[in-house]
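Below is work_4.tsv, which holds TSV, C-alpha atoms.
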chain	number	residue	atom	x	y	z
A	249	MET	CA	0.00	0.00	0.00
A	250	SER	CA	2.78	2.38	0.91
A	251	ARG	CA	4.55	1.49	-2.32
A	252	LEU	CA	1.39	2.43	-4.31
A	253	LEU	CA	1.05	5.78	-2.56
A	254	ALA	CA	4.70	6.60	-3.24
A	255	SER	CA	4.25	5.79	-6.95
A	256	SER	CA	1.14	8.00	-7.18
A	257	ALA	CA	2.94	10.88	-5.51
A	258	ALA	CA	5.87	10.59	-7.94
A	259	VAL	CA	3.52	10.60	-10.95
A	260	ALA	CA	1.72	13.69	-9.63
A	261	LEU	CA	4.98	15.49	-9.02
A	262	LEU	CA	6.24	14.74	-12.54
A	263	SER	CA	2.94	15.89	-14.07
A	264	THR	CA	3.08	19.19	-12.17
A	265	ALA	CA	6.67	19.79	-13.32
A	266	ALA	CA	5.72	19.07	-16.94
A	267	PHE	CA	2.74	21.44	-16.75
A	268	ALA	CA	4.93	24.19	-15.26
A	269	ALA	CA	7.44	23.74	-18.09
A	270	ASP	CA	4.69	24.37	-20.63
A	271	LEU	CA	3.67	27.71	-19.03
A	272	PRO	CA	4.92	30.90	-20.88
A	273	LEU	CA	7.84	32.68	-19.25
A	274	PRO	CA	7.05	36.04	-17.67
A	275	MET	CA	7.76	38.99	-20.07
A	276	GLU	CA	9.84	42.02	-19.18
A	277	PRO	CA	7.78	45.26	-19.32
A	278	VAL	CA	8.28	47.11	-22.64
A	279	GLU	CA	8.76	50.85	-22.44
A	280	GLU	CA	6.61	52.71	-24.99
A	281	VAL	CA	8.53	55.12	-27.27
A	282	PHE	CA	6.66	58.14	-28.63
A	283	ALA	CA	8.07	59.87	-31.78
A	284	ALA	CA	8.04	63.63	-31.66
A	285	PRO	CA	5.56	65.00	-34.22
A	286	ALA	CA	6.99	66.76	-37.30
A	287	TYR	CA	6.88	70.55	-37.26
A	288	ASP	CA	3.70	72.02	-38.77
A	289	TRP	CA	4.31	75.06	-41.02
A	290	THR	CA	0.62	75.93	-41.28
A	291	GLY	CA	-0.27	79.31	-39.82
A	292	LEU	CA	-0.07	83.10	-39.93
A	293	TYR	CA	3.31	84.79	-39.38
A	294	ILE	CA	4.73	88.31	-39.19
A	295	GLY	CA	8.31	89.53	-39.02
A	296	GLY	CA	11.09	91.76	-40.24
A	297	GLN	CA	13.81	91.52	-42.88
A	298	GLY	CA	16.97	93.31	-43.90
A	299	GLY	CA	19.70	92.98	-46.49
A	300	PHE	CA	21.44	94.52	-49.47
A	301	ALA	CA	20.67	94.98	-53.17
A	302	TRP	CA	22.68	95.34	-56.37
A	303	GLY	CA	21.03	96.60	-59.56
A	304	GLU	CA	20.94	98.82	-62.62
A	305	PHE	CA	18.87	101.83	-63.64
A	306	ASP	CA	18.09	101.98	-67.37
A	307	TYR	CA	17.29	105.31	-69.07
A	308	ASP	CA	15.50	104.70	-72.37
A	309	ASP	CA	14.49	107.19	-75.07
A	310	PRO	CA	15.94	110.40	-73.57
A	311	THR	CA	14.15	113.28	-75.31
A	312	GLU	CA	14.43	117.07	-75.15
A	313	PHE	CA	11.54	119.36	-76.04
A	314	ASP	CA	13.01	122.84	-76.25
A	315	ALA	CA	11.12	126.09	-75.74
A	316	GLY	CA	11.10	126.77	-79.48
A	317	GLY	CA	9.24	123.54	-80.29
A	318	ALA	CA	12.19	121.49	-81.55
A	319	ILE	CA	12.53	117.86	-80.42
A	320	PHE	CA	15.90	116.17	-79.88
A	321	ASN	CA	16.37	112.43	-79.26
A	322	TYR	CA	19.45	110.96	-77.59
A	323	GLY	CA	20.98	107.54	-77.00
A	324	ASP	CA	19.90	105.22	-74.18
A	325	PHE	CA	22.18	104.80	-71.19
A	326	SER	CA	22.35	103.01	-67.84
A	327	PHE	CA	24.30	102.92	-64.59
A	328	ASP	CA	24.83	100.63	-61.60
A	329	ALA	CA	23.07	101.05	-58.27
A	330	ASP	CA	23.27	99.42	-54.84
A	331	GLY	CA	22.24	99.96	-51.25
A	332	PRO	CA	20.76	98.50	-48.05
A	333	LEU	CA	17.14	97.68	-47.27
A	334	ALA	CA	15.05	96.97	-44.17
A	335	GLY	CA	11.33	96.40	-43.57
A	336	GLY	CA	8.58	94.04	-42.49
A	337	HIS	CA	6.40	91.24	-43.84
A	338	ILE	CA	3.24	89.25	-43.16
A	339	GLY	CA	2.24	85.89	-44.61
A	340	TYR	CA	0.31	82.65	-44.28
A	341	ASN	CA	1.38	79.03	-44.96
A	342	MET	CA	-0.68	75.88	-45.40
A	343	GLN	CA	1.06	72.49	-45.26
A	344	SER	CA	-0.14	69.29	-46.94
A	345	GLY	CA	2.27	66.40	-46.44
A	346	TYR	CA	5.71	67.63	-47.43
A	347	TRP	CA	4.29	70.47	-49.53
A	348	VAL	CA	3.90	73.99	-48.15
A	349	PHE	CA	1.82	76.61	-49.99
A	350	GLY	CA	1.76	80.24	-48.92
A	351	VAL	CA	1.36	83.92	-49.68
A	352	GLU	CA	3.50	86.81	-48.39
A	353	VAL	CA	3.36	90.61	-48.59
A	354	ASP	CA	6.33	92.80	-47.65
A	355	ALA	CA	7.43	96.44	-47.74
A	356	GLN	CA	10.83	97.99	-47.04
A	357	TRP	CA	12.72	101.23	-46.94
A	358	THR	CA	15.75	101.21	-49.24
A	359	ASP	CA	18.71	103.35	-50.20
A	360	ILE	CA	19.37	101.75	-53.59
A	361	GLU	CA	20.90	104.56	-55.65
A	362	GLY	CA	23.28	105.33	-58.46
A	363	SER	CA	24.29	108.06	-60.90
A	364	ARG	CA	26.10	108.76	-64.15
A	365	ARG	CA	27.86	111.96	-65.14
A	366	PHE	CA	28.62	112.85	-68.76
A	367	VAL	CA	31.46	115.31	-69.25
A	368	ALA	CA	29.96	118.03	-71.46
A	369	SER	CA	26.21	118.09	-71.84
A	370	ILE	CA	24.59	115.34	-73.90
A	371	PHE	CA	21.66	117.68	-74.52
A	372	ASP	CA	21.33	120.65	-76.86
A	373	LEU	CA	20.55	123.51	-74.49
A	374	PHE	CA	23.99	124.27	-73.08
A	375	PRO	CA	27.40	124.58	-74.76
A	376	SER	CA	29.23	121.29	-74.31
A	377	ALA	CA	32.36	122.96	-73.01
A	378	THR	CA	30.47	124.67	-70.16
A	379	PHE	CA	28.13	122.12	-68.54
A	380	ASP	CA	28.10	118.39	-67.81
A	381	THR	CA	25.00	116.18	-67.62
A	382	LEU	CA	24.29	114.35	-64.36
A	383	ALA	CA	21.53	111.72	-64.06
A	384	GLU	CA	20.75	110.33	-60.59
A	385	SER	CA	18.14	107.80	-59.42
A	386	GLU	CA	17.17	106.26	-56.09
A	387	LEU	CA	14.67	103.60	-55.09
A	388	GLU	CA	13.25	105.03	-51.87
A	389	TRP	CA	10.97	102.11	-50.97
A	390	PHE	CA	9.46	99.02	-52.56
A	391	GLY	CA	7.25	96.07	-51.73
A	392	THR	CA	6.15	92.73	-53.11
A	393	ALA	CA	3.06	90.50	-53.00
A	394	ARG	CA	4.09	86.92	-53.80
A	395	ALA	CA	2.93	83.31	-53.82
A	396	ARG	CA	5.26	80.67	-52.33
A	397	ILE	CA	5.53	76.91	-52.86
A	398	GLY	CA	8.01	74.73	-51.04
A	399	ALA	CA	8.87	71.48	-49.32
A	400	ALA	CA	9.20	70.94	-45.57
A	401	PHE	CA	11.62	68.55	-43.88
A	402	ASP	CA	10.48	68.82	-40.28
A	403	ARG	CA	11.86	72.21	-39.16
A	404	PHE	CA	13.56	73.02	-42.49
A	405	HIS	CA	11.61	74.59	-45.34
A	406	ILE	CA	12.87	75.40	-48.85
A	407	TYR	CA	10.69	77.31	-51.31
A	408	ALA	CA	10.38	79.19	-54.59
A	409	THR	CA	8.43	82.44	-54.79
A	410	GLY	CA	7.10	84.91	-57.37
A	411	GLY	CA	4.61	87.70	-57.87
A	412	LEU	CA	4.05	91.46	-58.04
A	413	ALA	CA	6.54	94.20	-57.16
A	414	TYR	CA	5.95	97.93	-56.70
A	415	GLY	CA	7.96	100.92	-55.55
A	416	GLU	CA	8.82	104.60	-55.91
A	417	ILE	CA	11.83	105.84	-57.88
A	418	ASP	CA	13.10	109.35	-57.31
A	419	SER	CA	15.24	110.76	-60.13
A	420	THR	CA	17.19	113.97	-60.74
A	421	LEU	CA	18.50	115.58	-63.91
A	422	SER	CA	21.00	118.42	-63.59
A	423	PHE	CA	23.66	120.29	-65.53
A	424	PRO	CA	26.59	120.95	-63.18
A	425	PRO	CA	29.24	123.38	-64.45
A	426	THR	CA	32.17	121.50	-65.95
A	427	ALA	CA	34.63	123.76	-64.15
A	428	GLY	CA	32.84	123.29	-60.80
A	429	GLY	CA	30.56	125.57	-58.84
A	430	PRO	CA	26.89	125.66	-57.77
A	431	VAL	CA	24.32	123.70	-59.79
A	432	VAL	CA	21.60	126.04	-61.05
A	433	PHE	CA	19.97	123.93	-63.77
A	434	ILE	CA	18.30	121.02	-61.94
A	435	ASP	CA	14.91	119.32	-61.56
A	436	ARG	CA	13.55	116.22	-59.82
A	437	ASP	CA	10.73	113.77	-60.48
A	438	SER	CA	9.31	110.88	-58.46
A	439	GLU	CA	7.15	108.15	-60.00
A	440	PHE	CA	5.38	105.01	-58.77
A	441	HIS	CA	6.45	101.85	-60.65
A	442	PHE	CA	4.89	98.39	-60.93
A	443	GLY	CA	6.93	95.30	-61.71
A	444	ALA	CA	7.61	91.64	-60.93
A	445	ALA	CA	9.62	89.70	-58.36
A	446	GLY	CA	10.86	86.12	-58.11
A	447	GLY	CA	13.38	84.05	-56.20
A	448	ALA	CA	13.96	81.31	-53.64
A	449	GLY	CA	14.68	80.91	-49.95
A	450	VAL	CA	15.19	78.62	-46.98
A	451	GLU	CA	13.73	78.77	-43.47
A	452	PHE	CA	14.44	77.07	-40.15
A	453	ALA	CA	11.99	76.92	-37.23
A	454	LEU	CA	14.15	77.45	-34.15
A	455	THR	CA	11.11	77.03	-31.89
A	456	ASP	CA	7.41	76.46	-32.53
A	457	ASN	CA	7.03	80.22	-33.01
A	458	ILE	CA	10.42	81.68	-34.05
A	459	ILE	CA	11.52	81.17	-37.66
A	460	PHE	CA	14.79	82.35	-39.26
A	461	GLY	CA	15.08	82.71	-43.02
A	462	ALA	CA	17.40	83.67	-45.88
A	463	GLU	CA	16.17	84.67	-49.32
A	464	GLY	CA	17.46	85.72	-52.73
A	465	LEU	CA	15.08	87.80	-54.83
A	466	TYR	CA	15.15	89.38	-58.29
A	467	VAL	CA	13.04	92.53	-58.64
A	468	HIS	CA	12.27	94.38	-61.89
A	469	LEU	CA	10.35	97.66	-61.76
A	470	PHE	CA	9.03	98.41	-65.25
A	471	ASP	CA	9.43	101.58	-67.33
A	472	GLU	CA	7.72	104.78	-66.26
A	473	GLU	CA	8.27	108.17	-67.84
A	474	HIS	CA	10.10	110.75	-65.72
A	475	ALA	CA	9.96	114.39	-66.84
A	476	TYR	CA	12.03	117.48	-65.90
A	477	LEU	CA	11.55	121.17	-66.67
A	478	ILE	CA	14.86	123.04	-66.80
A	479	ALA	CA	15.37	126.58	-68.18
A	480	GLY	CA	12.19	126.38	-70.25
A	481	ASP	CA	13.00	123.01	-71.85
A	482	THR	CA	11.31	119.70	-70.99
A	483	TYR	CA	13.33	116.47	-70.75
A	484	THR	CA	11.75	113.02	-70.57
A	485	MET	CA	13.24	109.57	-69.83
A	486	ASP	CA	11.71	106.11	-69.53
A	487	ILE	CA	13.36	104.72	-66.38
A	488	ASP	CA	13.30	101.15	-65.06
A	489	LEU	CA	15.22	99.26	-62.38
A	490	SER	CA	16.37	95.67	-62.15
A	491	ALA	CA	17.96	94.48	-58.91
A	492	VAL	CA	19.09	91.35	-57.08
A	493	LEU	CA	18.44	91.25	-53.32
A	494	ALA	CA	20.00	89.15	-50.60
A	495	ARG	CA	18.13	89.40	-47.31
A	496	GLY	CA	17.65	87.65	-43.99
A	497	SER	CA	14.50	87.52	-41.89
A	498	VAL	CA	13.05	86.57	-38.53
A	499	SER	CA	9.36	85.75	-38.16
A	500	PHE	CA	6.89	84.96	-35.40
A	501	LYS	CA	4.36	82.24	-36.28
A	502	PHE	CA	1.05	82.20	-34.48
Go ahead and render the structure in this file as C-alpha coordinates.
Amino acid sequence: MSRLLASSAAVALLSTAAFAADLPLPMEPVEEVFAAPAYDWTGLYIGGQGGFAWGEFDYDDPTEFDAGGAIFNYGDFSFDADGPLAGGHIGYNMQSGYWVFGVEVDAQWTDIEGSRRFVASIFDLFPSATFDTLAESELEWFGTARARIGAAFDRFHIYATGGLAYGEIDSTLSFPPTAGGPVVFIDRDSEFHFGAAGGAGVEFALTDNIIFGAEGLYVHLFDEEHAYLIAGDTYTMDIDLSAVLARGSVSFKF
(Lines of atoms letter the chains of each structure in order from A and count residues from 1; the text may use other names and numbers.)
(Lines give C-alpha, C1' and ligand atoms only; values in the text may rest on other atoms or scores of the structure.)
Protein backbone atom coordinates (compact mmCIF):
# COMPACT_ATOMS: atom_id res chain seq x y z
CA MET A 1 0.00 0.00 0.00
CA SER A 2 2.78 2.38 0.91
CA ARG A 3 4.55 1.49 -2.32
CA LEU A 4 1.39 2.43 -4.31
CA LEU A 5 1.05 5.78 -2.56
CA ALA A 6 4.70 6.60 -3.24
CA SER A 7 4.25 5.79 -6.95
CA SER A 8 1.14 8.00 -7.18
CA ALA A 9 2.94 10.88 -5.51
CA ALA A 10 5.87 10.59 -7.94
CA VAL A 11 3.52 10.60 -10.95
CA ALA A 12 1.72 13.69 -9.63
CA LEU A 13 4.98 15.49 -9.02
CA LEU A 14 6.24 14.74 -12.54
CA SER A 15 2.94 15.89 -14.07
CA THR A 16 3.08 19.19 -12.17
CA ALA A 17 6.67 19.79 -13.32
CA ALA A 18 5.72 19.07 -16.94
CA PHE A 19 2.74 21.44 -16.75
CA ALA A 20 4.93 24.19 -15.26
CA ALA A 21 7.44 23.74 -18.09
CA ASP A 22 4.69 24.37 -20.63
CA LEU A 23 3.67 27.71 -19.03
CA PRO A 24 4.92 30.90 -20.88
CA LEU A 25 7.84 32.68 -19.25
CA PRO A 26 7.05 36.04 -17.67
CA MET A 27 7.76 38.99 -20.07
CA GLU A 28 9.84 42.02 -19.18
CA PRO A 29 7.78 45.26 -19.32
CA VAL A 30 8.28 47.11 -22.64
CA GLU A 31 8.76 50.85 -22.44
CA GLU A 32 6.61 52.71 -24.99
CA VAL A 33 8.53 55.12 -27.27
CA PHE A 34 6.66 58.14 -28.63
CA ALA A 35 8.07 59.87 -31.78
CA ALA A 36 8.04 63.63 -31.66
CA PRO A 37 5.56 65.00 -34.22
CA ALA A 38 6.99 66.76 -37.30
CA TYR A 39 6.88 70.55 -37.26
CA ASP A 40 3.70 72.02 -38.77
CA TRP A 41 4.31 75.06 -41.02
CA THR A 42 0.62 75.93 -41.28
CA GLY A 43 -0.27 79.31 -39.82
CA LEU A 44 -0.07 83.10 -39.93
CA TYR A 45 3.31 84.79 -39.38
CA ILE A 46 4.73 88.31 -39.19
CA GLY A 47 8.31 89.53 -39.02
CA GLY A 48 11.09 91.76 -40.24
CA GLN A 49 13.81 91.52 -42.88
CA GLY A 50 16.97 93.31 -43.90
CA GLY A 51 19.70 92.98 -46.49
CA PHE A 52 21.44 94.52 -49.47
CA ALA A 53 20.67 94.98 -53.17
CA TRP A 54 22.68 95.34 -56.37
CA GLY A 55 21.03 96.60 -59.56
CA GLU A 56 20.94 98.82 -62.62
CA PHE A 57 18.87 101.83 -63.64
CA ASP A 58 18.09 101.98 -67.37
CA TYR A 59 17.29 105.31 -69.07
CA ASP A 60 15.50 104.70 -72.37
CA ASP A 61 14.49 107.19 -75.07
CA PRO A 62 15.94 110.40 -73.57
CA THR A 63 14.15 113.28 -75.31
CA GLU A 64 14.43 117.07 -75.15
CA PHE A 65 11.54 119.36 -76.04
CA ASP A 66 13.01 122.84 -76.25
CA ALA A 67 11.12 126.09 -75.74
CA GLY A 68 11.10 126.77 -79.48
CA GLY A 69 9.24 123.54 -80.29
CA ALA A 70 12.19 121.49 -81.55
CA ILE A 71 12.53 117.86 -80.42
CA PHE A 72 15.90 116.17 -79.88
CA ASN A 73 16.37 112.43 -79.26
CA TYR A 74 19.45 110.96 -77.59
CA GLY A 75 20.98 107.54 -77.00
CA ASP A 76 19.90 105.22 -74.18
CA PHE A 77 22.18 104.80 -71.19
CA SER A 78 22.35 103.01 -67.84
CA PHE A 79 24.30 102.92 -64.59
CA ASP A 80 24.83 100.63 -61.60
CA ALA A 81 23.07 101.05 -58.27
CA ASP A 82 23.27 99.42 -54.84
CA GLY A 83 22.24 99.96 -51.25
CA PRO A 84 20.76 98.50 -48.05
CA LEU A 85 17.14 97.68 -47.27
CA ALA A 86 15.05 96.97 -44.17
CA GLY A 87 11.33 96.40 -43.57
CA GLY A 88 8.58 94.04 -42.49
CA HIS A 89 6.40 91.24 -43.84
CA ILE A 90 3.24 89.25 -43.16
CA GLY A 91 2.24 85.89 -44.61
CA TYR A 92 0.31 82.65 -44.28
CA ASN A 93 1.38 79.03 -44.96
CA MET A 94 -0.68 75.88 -45.40
CA GLN A 95 1.06 72.49 -45.26
CA SER A 96 -0.14 69.29 -46.94
CA GLY A 97 2.27 66.40 -46.44
CA TYR A 98 5.71 67.63 -47.43
CA TRP A 99 4.29 70.47 -49.53
CA VAL A 100 3.90 73.99 -48.15
CA PHE A 101 1.82 76.61 -49.99
CA GLY A 102 1.76 80.24 -48.92
CA VAL A 103 1.36 83.92 -49.68
CA GLU A 104 3.50 86.81 -48.39
CA VAL A 105 3.36 90.61 -48.59
CA ASP A 106 6.33 92.80 -47.65
CA ALA A 107 7.43 96.44 -47.74
CA GLN A 108 10.83 97.99 -47.04
CA TRP A 109 12.72 101.23 -46.94
CA THR A 110 15.75 101.21 -49.24
CA ASP A 111 18.71 103.35 -50.20
CA ILE A 112 19.37 101.75 -53.59
CA GLU A 113 20.90 104.56 -55.65
CA GLY A 114 23.28 105.33 -58.46
CA SER A 115 24.29 108.06 -60.90
CA ARG A 116 26.10 108.76 -64.15
CA ARG A 117 27.86 111.96 -65.14
CA PHE A 118 28.62 112.85 -68.76
CA VAL A 119 31.46 115.31 -69.25
CA ALA A 120 29.96 118.03 -71.46
CA SER A 121 26.21 118.09 -71.84
CA ILE A 122 24.59 115.34 -73.90
CA PHE A 123 21.66 117.68 -74.52
CA ASP A 124 21.33 120.65 -76.86
CA LEU A 125 20.55 123.51 -74.49
CA PHE A 126 23.99 124.27 -73.08
CA PRO A 127 27.40 124.58 -74.76
CA SER A 128 29.23 121.29 -74.31
CA ALA A 129 32.36 122.96 -73.01
CA THR A 130 30.47 124.67 -70.16
CA PHE A 131 28.13 122.12 -68.54
CA ASP A 132 28.10 118.39 -67.81
CA THR A 133 25.00 116.18 -67.62
CA LEU A 134 24.29 114.35 -64.36
CA ALA A 135 21.53 111.72 -64.06
CA GLU A 136 20.75 110.33 -60.59
CA SER A 137 18.14 107.80 -59.42
CA GLU A 138 17.17 106.26 -56.09
CA LEU A 139 14.67 103.60 -55.09
CA GLU A 140 13.25 105.03 -51.87
CA TRP A 141 10.97 102.11 -50.97
CA PHE A 142 9.46 99.02 -52.56
CA GLY A 143 7.25 96.07 -51.73
CA THR A 144 6.15 92.73 -53.11
CA ALA A 145 3.06 90.50 -53.00
CA ARG A 146 4.09 86.92 -53.80
CA ALA A 147 2.93 83.31 -53.82
CA ARG A 148 5.26 80.67 -52.33
CA ILE A 149 5.53 76.91 -52.86
CA GLY A 150 8.01 74.73 -51.04
CA ALA A 151 8.87 71.48 -49.32
CA ALA A 152 9.20 70.94 -45.57
CA PHE A 153 11.62 68.55 -43.88
CA ASP A 154 10.48 68.82 -40.28
CA ARG A 155 11.86 72.21 -39.16
CA PHE A 156 13.56 73.02 -42.49
CA HIS A 157 11.61 74.59 -45.34
CA ILE A 158 12.87 75.40 -48.85
CA TYR A 159 10.69 77.31 -51.31
CA ALA A 160 10.38 79.19 -54.59
CA THR A 161 8.43 82.44 -54.79
CA GLY A 162 7.10 84.91 -57.37
CA GLY A 163 4.61 87.70 -57.87
CA LEU A 164 4.05 91.46 -58.04
CA ALA A 165 6.54 94.20 -57.16
CA TYR A 166 5.95 97.93 -56.70
CA GLY A 167 7.96 100.92 -55.55
CA GLU A 168 8.82 104.60 -55.91
CA ILE A 169 11.83 105.84 -57.88
CA ASP A 170 13.10 109.35 -57.31
CA SER A 171 15.24 110.76 -60.13
CA THR A 172 17.19 113.97 -60.74
CA LEU A 173 18.50 115.58 -63.91
CA SER A 174 21.00 118.42 -63.59
CA PHE A 175 23.66 120.29 -65.53
CA PRO A 176 26.59 120.95 -63.18
CA PRO A 177 29.24 123.38 -64.45
CA THR A 178 32.17 121.50 -65.95
CA ALA A 179 34.63 123.76 -64.15
CA GLY A 180 32.84 123.29 -60.80
CA GLY A 181 30.56 125.57 -58.84
CA PRO A 182 26.89 125.66 -57.77
CA VAL A 183 24.32 123.70 -59.79
CA VAL A 184 21.60 126.04 -61.05
CA PHE A 185 19.97 123.93 -63.77
CA ILE A 186 18.30 121.02 -61.94
CA ASP A 187 14.91 119.32 -61.56
CA ARG A 188 13.55 116.22 -59.82
CA ASP A 189 10.73 113.77 -60.48
CA SER A 190 9.31 110.88 -58.46
CA GLU A 191 7.15 108.15 -60.00
CA PHE A 192 5.38 105.01 -58.77
CA HIS A 193 6.45 101.85 -60.65
CA PHE A 194 4.89 98.39 -60.93
CA GLY A 195 6.93 95.30 -61.71
CA ALA A 196 7.61 91.64 -60.93
CA ALA A 197 9.62 89.70 -58.36
CA GLY A 198 10.86 86.12 -58.11
CA GLY A 199 13.38 84.05 -56.20
CA ALA A 200 13.96 81.31 -53.64
CA GLY A 201 14.68 80.91 -49.95
CA VAL A 202 15.19 78.62 -46.98
CA GLU A 203 13.73 78.77 -43.47
CA PHE A 204 14.44 77.07 -40.15
CA ALA A 205 11.99 76.92 -37.23
CA LEU A 206 14.15 77.45 -34.15
CA THR A 207 11.11 77.03 -31.89
CA ASP A 208 7.41 76.46 -32.53
CA ASN A 209 7.03 80.22 -33.01
CA ILE A 210 10.42 81.68 -34.05
CA ILE A 211 11.52 81.17 -37.66
CA PHE A 212 14.79 82.35 -39.26
CA GLY A 213 15.08 82.71 -43.02
CA ALA A 214 17.40 83.67 -45.88
CA GLU A 215 16.17 84.67 -49.32
CA GLY A 216 17.46 85.72 -52.73
CA LEU A 217 15.08 87.80 -54.83
CA TYR A 218 15.15 89.38 -58.29
CA VAL A 219 13.04 92.53 -58.64
CA HIS A 220 12.27 94.38 -61.89
CA LEU A 221 10.35 97.66 -61.76
CA PHE A 222 9.03 98.41 -65.25
CA ASP A 223 9.43 101.58 -67.33
CA GLU A 224 7.72 104.78 -66.26
CA GLU A 225 8.27 108.17 -67.84
CA HIS A 226 10.10 110.75 -65.72
CA ALA A 227 9.96 114.39 -66.84
CA TYR A 228 12.03 117.48 -65.90
CA LEU A 229 11.55 121.17 -66.67
CA ILE A 230 14.86 123.04 -66.80
CA ALA A 231 15.37 126.58 -68.18
CA GLY A 232 12.19 126.38 -70.25
CA ASP A 233 13.00 123.01 -71.85
CA THR A 234 11.31 119.70 -70.99
CA TYR A 235 13.33 116.47 -70.75
CA THR A 236 11.75 113.02 -70.57
CA MET A 237 13.24 109.57 -69.83
CA ASP A 238 11.71 106.11 -69.53
CA ILE A 239 13.36 104.72 -66.38
CA ASP A 240 13.30 101.15 -65.06
CA LEU A 241 15.22 99.26 -62.38
CA SER A 242 16.37 95.67 -62.15
CA ALA A 243 17.96 94.48 -58.91
CA VAL A 244 19.09 91.35 -57.08
CA LEU A 245 18.44 91.25 -53.32
CA ALA A 246 20.00 89.15 -50.60
CA ARG A 247 18.13 89.40 -47.31
CA GLY A 248 17.65 87.65 -43.99
CA SER A 249 14.50 87.52 -41.89
CA VAL A 250 13.05 86.57 -38.53
CA SER A 251 9.36 85.75 -38.16
CA PHE A 252 6.89 84.96 -35.40
CA LYS A 253 4.36 82.24 -36.28
CA PHE A 254 1.05 82.20 -34.48
(message) Using Å and a single decimal, report how far CA of Val432 (chain A) sits from CA of Gly480 (chain A).
(response)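 Going from CA of Gly480 (chain A) over to CA of Val432 (chain A), I get 13.2 Å.
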(message) Applying 10 Å and all atoms listed in the file, which residues near region 391-406 of chain A remain after dropping the ones on its own chain fewer than 4 positions away? List them as an MDAnalysis selection string.
(response) chainID A and resid 285:289 335:357 410:416 442:456 459:463 467
(request) Calculate how many Å separate CA of Asp328 (chain A) from CA of Ala491 (chain A), rounding to one decimal. (result)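 For CA of Asp328 (chain A) relative to CA of Ala491 (chain A), the distance reads 9.6 Å.
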Kindly list the centre and edge lengths in Å, rounded to one decimal, for the axis-aligned box that covers all listed atoms of region 295-304 of chain A plus 8 Å on each of its six sides, as JSON.
{"center_x": 15.5, "center_y": 94.2, "center_z": -50.8, "size_x": 30.4, "size_y": 25.3, "size_z": 39.6}
(request) Compute the distance from (18.5, 104.2, -47.2) to each atom, counting all atoms listed in the file, keep the residues with any atom at most 10 Å away, and return them as an MDAnalysis selection string; use the coordinates of the file. (result) chainID A and resid 331:334 356:361 386:389
(request) Using CA of Tyr476 (chain A) and CA of Leu421 (chain A) as the two end points, give the distance in Å to one decimal. (result)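 If I compute the distance from CA of Tyr476 (chain A) to CA of Leu421 (chain A), I get 7.0 Å.
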